[in-house]
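One file, protein-v6.tsv, carrying TSV, C-alpha atoms:
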```
chain	number	residue	atom	x	y	z
X	1	MET	CA	22.56	27.24	34.17
X	2	PRO	CA	22.63	25.35	37.54
X	3	ASP	CA	19.45	23.67	38.74
X	4	GLY	CA	17.26	26.00	40.73
X	5	ALA	CA	19.05	29.15	39.51
X	6	GLU	CA	17.00	31.95	38.02
X	7	ASP	CA	17.64	33.56	34.67
X	8	VAL	CA	18.89	37.00	35.67
X	9	ARG	CA	19.15	38.33	32.13
X	10	PRO	CA	16.83	41.27	31.37
X	11	ALA	CA	13.50	40.39	29.79
X	12	GLY	CA	14.43	42.42	26.71
X	13	GLU	CA	17.56	40.35	26.15
X	14	ARG	CA	15.64	37.10	26.50
X	15	ARG	CA	13.09	38.35	23.96
X	16	LYS	CA	15.92	39.29	21.58
X	17	ILE	CA	17.41	35.80	21.83
X	18	GLY	CA	14.03	34.11	21.29
X	19	ASN	CA	13.16	36.45	18.43
X	20	SER	CA	16.51	35.85	16.72
X	21	LEU	CA	16.19	32.07	16.99
X	22	LEU	CA	12.60	32.18	15.71
X	23	TRP	CA	13.54	34.20	12.63
X	24	ALA	CA	16.64	32.11	11.97
X	25	PHE	CA	14.70	28.85	12.00
X	26	GLY	CA	11.88	30.40	9.97
X	27	VAL	CA	14.17	31.68	7.21
X	28	THR	CA	16.12	28.42	7.06
X	29	ALA	CA	12.91	26.38	6.99
X	30	GLY	CA	11.59	28.54	4.14
X	31	LEU	CA	14.74	27.91	2.11
X	32	LEU	CA	14.61	24.16	2.71
X	33	LEU	CA	10.90	24.10	1.88
X	34	GLY	CA	11.62	25.89	-1.40
X	35	ALA	CA	14.34	23.36	-2.20
X	36	ALA	CA	11.99	20.47	-1.45
X	37	VAL	CA	9.16	21.92	-3.55
X	38	ALA	CA	11.59	22.58	-6.43
X	39	ALA	CA	12.14	18.82	-6.75
X	40	TRP	CA	8.42	18.52	-7.49
X	41	VAL	CA	7.53	21.81	-9.25
X	42	THR	CA	10.68	23.74	-10.11
X	43	TRP	CA	9.20	27.21	-10.61
X	44	LEU	CA	7.12	27.05	-7.43
X	45	GLY	CA	10.12	25.96	-5.37
X	46	VAL	CA	12.18	28.80	-6.81
X	47	VAL	CA	9.46	31.31	-5.89
X	48	VAL	CA	9.26	29.99	-2.31
X	49	GLY	CA	13.04	29.99	-1.93
X	50	LEU	CA	13.50	33.49	-3.38
X	51	ALA	CA	10.75	34.78	-1.09
X	52	ALA	CA	12.67	33.38	1.89
X	53	VAL	CA	15.89	35.04	0.64
X	54	ALA	CA	14.07	38.36	0.18
X	55	VAL	CA	12.62	38.21	3.70
X	56	ALA	CA	16.04	37.38	5.13
X	57	ALA	CA	17.73	40.25	3.27
X	58	TRP	CA	15.02	42.73	4.36
X	59	LEU	CA	15.13	41.58	7.97
X	60	VAL	CA	18.89	41.27	8.46
X	61	GLY	CA	19.93	44.20	6.31
X	62	GLY	CA	16.96	46.55	6.57
X	63	VAL	CA	15.52	46.00	10.04
X	64	TRP	CA	18.55	44.78	11.97
X	65	HIS	CA	21.03	46.92	9.97
X	66	ARG	CA	23.66	44.22	9.57
X	67	ALA	CA	24.70	44.65	5.92
X	68	GLY	CA	27.52	42.11	5.92
X	69	ALA	CA	25.34	39.45	7.51
X	70	ALA	CA	22.57	40.23	5.02
X	71	VAL	CA	24.91	39.58	2.09
X	72	THR	CA	26.12	36.34	3.69
X	73	VAL	CA	22.58	35.10	4.36
X	74	SER	CA	21.38	36.04	0.87
X	75	PHE	CA	24.17	34.34	-1.06
X	76	GLY	CA	24.27	31.45	1.39
X	77	GLY	CA	20.52	31.00	0.95
X	78	LEU	CA	20.75	30.93	-2.84
X	79	ALA	CA	23.57	28.37	-2.67
X	80	LEU	CA	21.61	26.32	-0.14
X	81	MET	CA	18.66	26.05	-2.52
X	82	MET	CA	20.94	24.74	-5.27
X	83	PHE	CA	22.43	21.99	-3.12
X	84	ALA	CA	19.43	21.19	-0.93
X	85	SER	CA	17.02	20.42	-3.77
X	86	PRO	CA	18.93	17.35	-5.06
X	87	ALA	CA	19.81	16.37	-1.49
X	88	VAL	CA	16.14	16.38	-0.46
X	89	TYR	CA	15.14	14.49	-3.61
X	90	GLU	CA	17.83	11.84	-3.12
X	91	GLY	CA	17.05	11.51	0.58
X	92	TYR	CA	13.32	11.14	-0.03
X	93	MET	CA	13.73	8.58	-2.78
X	94	GLY	CA	16.29	6.66	-0.75
X	95	ALA	CA	13.97	6.54	2.25
X	96	VAL	CA	10.60	5.69	0.68
X	97	GLY	CA	11.30	4.93	-2.98
X	98	GLU	CA	10.22	1.62	-4.49
X	99	PRO	CA	12.72	-0.31	-6.67
X	100	VAL	CA	11.46	-1.24	-10.13
X	101	ASP	CA	13.29	-3.09	-12.92
X	102	ALA	CA	13.53	-1.15	-16.17
X	103	VAL	CA	15.42	-1.07	-19.44
X	104	VAL	CA	17.12	1.98	-20.93
X	105	VAL	CA	15.50	2.69	-24.29
X	106	GLN	CA	17.41	5.82	-25.29
X	107	VAL	CA	20.04	8.23	-23.99
X	108	VAL	CA	20.21	11.65	-25.67
X	109	ASP	CA	22.48	14.63	-25.05
X	110	GLU	CA	20.69	17.68	-26.44
X	111	GLU	CA	23.59	20.06	-25.61
X	112	ARG	CA	21.37	22.81	-24.24
X	113	ARG	CA	22.85	26.03	-22.92
X	114	ARG	CA	20.36	26.20	-20.07
X	115	GLY	CA	18.73	23.49	-18.02
X	116	PRO	CA	19.42	19.75	-18.17
X	117	SER	CA	20.86	18.53	-21.45
X	118	MET	CA	21.02	14.75	-21.02
X	119	PHE	CA	17.80	12.72	-21.09
X	120	CYS	CA	17.20	9.01	-20.57
X	121	THR	CA	14.09	7.17	-21.75
X	122	LEU	CA	13.25	4.19	-19.54
X	123	ARG	CA	10.64	1.46	-19.88
X	124	GLU	CA	9.51	-0.52	-16.88
X	125	LEU	CA	9.73	-4.30	-17.22
X	126	ASP	CA	6.89	-5.12	-14.85
X	127	GLY	CA	3.22	-4.28	-14.64
X	128	GLU	CA	2.03	-1.64	-17.13
X	129	ARG	CA	5.53	-1.24	-18.62
X	130	ARG	CA	5.29	2.52	-18.20
X	131	VAL	CA	7.77	4.72	-20.07
X	132	HIS	CA	9.61	7.56	-18.30
X	133	ARG	CA	11.80	10.31	-19.71
X	134	VAL	CA	14.14	11.59	-17.02
X	135	SER	CA	16.93	14.16	-16.98
X	136	GLN	CA	20.08	14.90	-15.03
X	137	GLN	CA	17.84	16.02	-12.18
X	138	GLU	CA	16.79	12.37	-11.87
X	139	ASN	CA	20.41	11.17	-12.14
X	140	CYS	CA	20.67	10.62	-15.90
X	141	PHE	CA	24.36	11.31	-16.50
X	142	GLY	CA	25.18	8.72	-19.13
X	143	GLN	CA	26.11	5.99	-16.65
X	144	ALA	CA	23.78	3.60	-18.53
X	145	LYS	CA	23.47	3.00	-22.28
X	146	ALA	CA	20.53	2.03	-24.45
X	147	GLY	CA	19.67	-1.61	-23.84
X	148	ASP	CA	21.03	-1.73	-20.29
X	149	ARG	CA	18.79	-3.12	-17.57
X	150	VAL	CA	18.68	-0.93	-14.47
X	151	THR	CA	16.80	-0.76	-11.21
X	152	ILE	CA	15.10	2.62	-10.89
X	153	VAL	CA	13.52	4.01	-7.73
X	154	LYS	CA	9.93	5.23	-8.02
X	155	ASP	CA	8.04	7.66	-5.82
X	156	PRO	CA	5.20	5.70	-4.17
X	157	LEU	CA	3.01	8.83	-4.41
X	158	ASP	CA	3.92	9.21	-8.10
X	159	LEU	CA	4.61	12.93	-7.62
X	160	LEU	CA	8.30	12.80	-8.58
X	161	ASP	CA	9.96	11.22	-11.60
X	162	PRO	CA	11.87	7.97	-11.00
X	163	ARG	CA	15.52	8.18	-10.01
X	164	MET	CA	18.16	6.30	-11.92
X	165	PRO	CA	20.85	4.35	-10.03
X	166	ASP	CA	24.22	5.92	-9.29
X	167	GLY	CA	27.17	5.27	-11.51
X	168	PRO	CA	30.47	3.94	-10.09
X	169	GLU	CA	31.91	7.45	-9.64
X	170	GLN	CA	28.86	9.23	-8.23
X	171	GLU	CA	29.15	8.33	-4.55
X	172	ASP	CA	31.59	11.18	-3.91
X	173	SER	CA	29.27	13.73	-5.53
X	174	ARG	CA	26.40	12.64	-3.29
X	175	ARG	CA	28.57	13.10	-0.21
X	176	ILE	CA	29.63	16.54	-1.42
X	177	THR	CA	26.01	17.55	-2.01
X	178	LEU	CA	24.99	16.43	1.47
X	179	ALA	CA	27.98	18.09	3.15
X	180	ALA	CA	27.34	21.35	1.28
X	181	THR	CA	23.67	21.28	2.29
X	182	VAL	CA	24.50	20.75	5.96
X	183	GLY	CA	27.23	23.40	5.91
X	184	LEU	CA	25.13	26.04	4.15
X	185	THR	CA	22.17	25.34	6.45
X	186	ALA	CA	24.42	25.95	9.45
X	187	LEU	CA	25.82	29.12	7.82
X	188	VAL	CA	22.39	30.65	7.17
X	189	LEU	CA	21.07	29.65	10.58
X	190	GLY	CA	24.12	30.84	12.49
X	191	THR	CA	24.50	34.12	10.59
X	192	THR	CA	20.84	35.02	11.09
X	193	VAL	CA	21.05	34.30	14.83
X	194	TYR	CA	24.26	36.35	15.07
X	195	ALA	CA	22.69	39.27	13.19
X	196	GLY	CA	19.65	39.18	15.44
X	197	LEU	CA	21.73	39.23	18.60
X	198	ARG	CA	23.97	42.01	17.26
X	199	ARG	CA	21.20	44.07	15.65
X	200	ARG	CA	21.48	47.85	15.53
X	201	GLY	CA	18.76	50.39	16.05
```

I need this file expressed as structure tokens, please.
Amino acid sequence: MPDGAEDVRPAGERRKIGNSLLWAFGVTAGLLLGAAVAAWVTWLGVVVGLAAVAVAAWLVGGVWHRAGAAVTVSFGGLALMMFASPAVYEGYMGAVGEPVDAVVVQVVDEERRRGPSMFCTLRELDGERRVHRVSQQENCFGQAKAGDRVTIVKDPLDLLDPRMPDGPEQEDSRRITLAATVGLTALVLGTTVYAGLRRRG
């Protein structure tokens, strides 16, 4: 809009735009919050994320009467939670994590049908020589064997389990996770805004 020009759109249209943007950012923020909490307490993060999905489905499908957009937001939100949780964890640990030397004590594949199946037991080499048992969620994918010395990254607040270093073939998977998180965030945000602007009733 040129400098000095007035917004000639009706007040109702401006409210609709503002309302749509507010809901879109709120739903997306709820999903990302759930993903972040899931890295700390899995069940709590899932509850927060599913609540955000439920609100989005009710709003877009029930209040705004945009069924197709509601399906897109719901499935996009569920997918976003799956990708965003490891992305948030990796980003946080990469930004503030503290490197600590450790030795791999044991690597076990329990072949579970549900949940992580591979577990690594690590013992710190400095200080109290604390022992940690981490799973695939903390990057235990068999890239290190028992007896190997590794540099793990610890949470300075000690809320999250340490993260193991990447293996030689894991850089691509990290890029995919980040790209999927960004893409799904844009999908949920954009679809919710579109549904709000094109609402019926």

Nearby residues (only C-alpha atoms) at most 8 Å from Val53 (chain X), same-chain spacing under 2 positions excluded, as a list in words: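 Once the adjacent positions are removed, what remains is Val27, Leu31, Gly49, Leu50, Ala51, Val55, Ala56, Ala57, Val73, Ser74, Gly77 and Leu78 of chain X.
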
For Gln137 (chain X): contacts at 12 Å, only C-alpha atoms, fewer than 3 positions along chain excluded, given as a ChimeraX atom specification: /X:38-40,42,82-83,85-90,115-120,133-134,140-141,160-164

Put a box with edges along x, y and z around all the listed atoms of region 86-101 of chain X, pad it by 5 Å on each side, then give me its centre and sizes in Å, one decimal, as lines of an AutoDock Vina configuration file.
```
center_x = 15.0
center_y = 7.1
center_z = -5.3
size_x = 19.6
size_y = 30.4
size_z = 25.2
```

Residue among X:Leu122, X:Val193, X:Ala180, X:Val105 lying closest to Gly147 (chain X), counting all atoms listed in the file: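 Answer, going by the shortest atom-to-atom distance: X:Val105.
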
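Distances here use all atoms listed in the file; by that measure, the residue among X:Val131, X:Val108, X:Leu187, X:Ala102 closest to Ile152 (chain X) is X:Ala102.
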
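Taking CA of Arg66 (chain X) as the reference point, CA of Thr185 (chain X) is found at 19.2 Å.
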
Pick from X:Val63, X:Val100, X:Met81, X:Ala36 nearest to Thr177 (chain X), counting all atoms listed in the file: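 Going through X:Val63, X:Val100, X:Met81, X:Ala36 one by one, the smallest distance to Thr177 (chain X) is for X:Met81.
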
Long-range neighbours of Pro156 (chain X) as an MDAnalysis selection string, 9 Å cut-off, all atoms listed in the file, 4 positions minimum in chain: chainID X and resid 96:98 160

Between CA of Gln143 (chain X) and CA of Leu159 (chain X), distance in Å (one decimal): 24.3 Å

Separation of CA of Glu138 (chain X) from CA of Val188 (chain X), in Å and rounded to one decimal: 27.0 Å
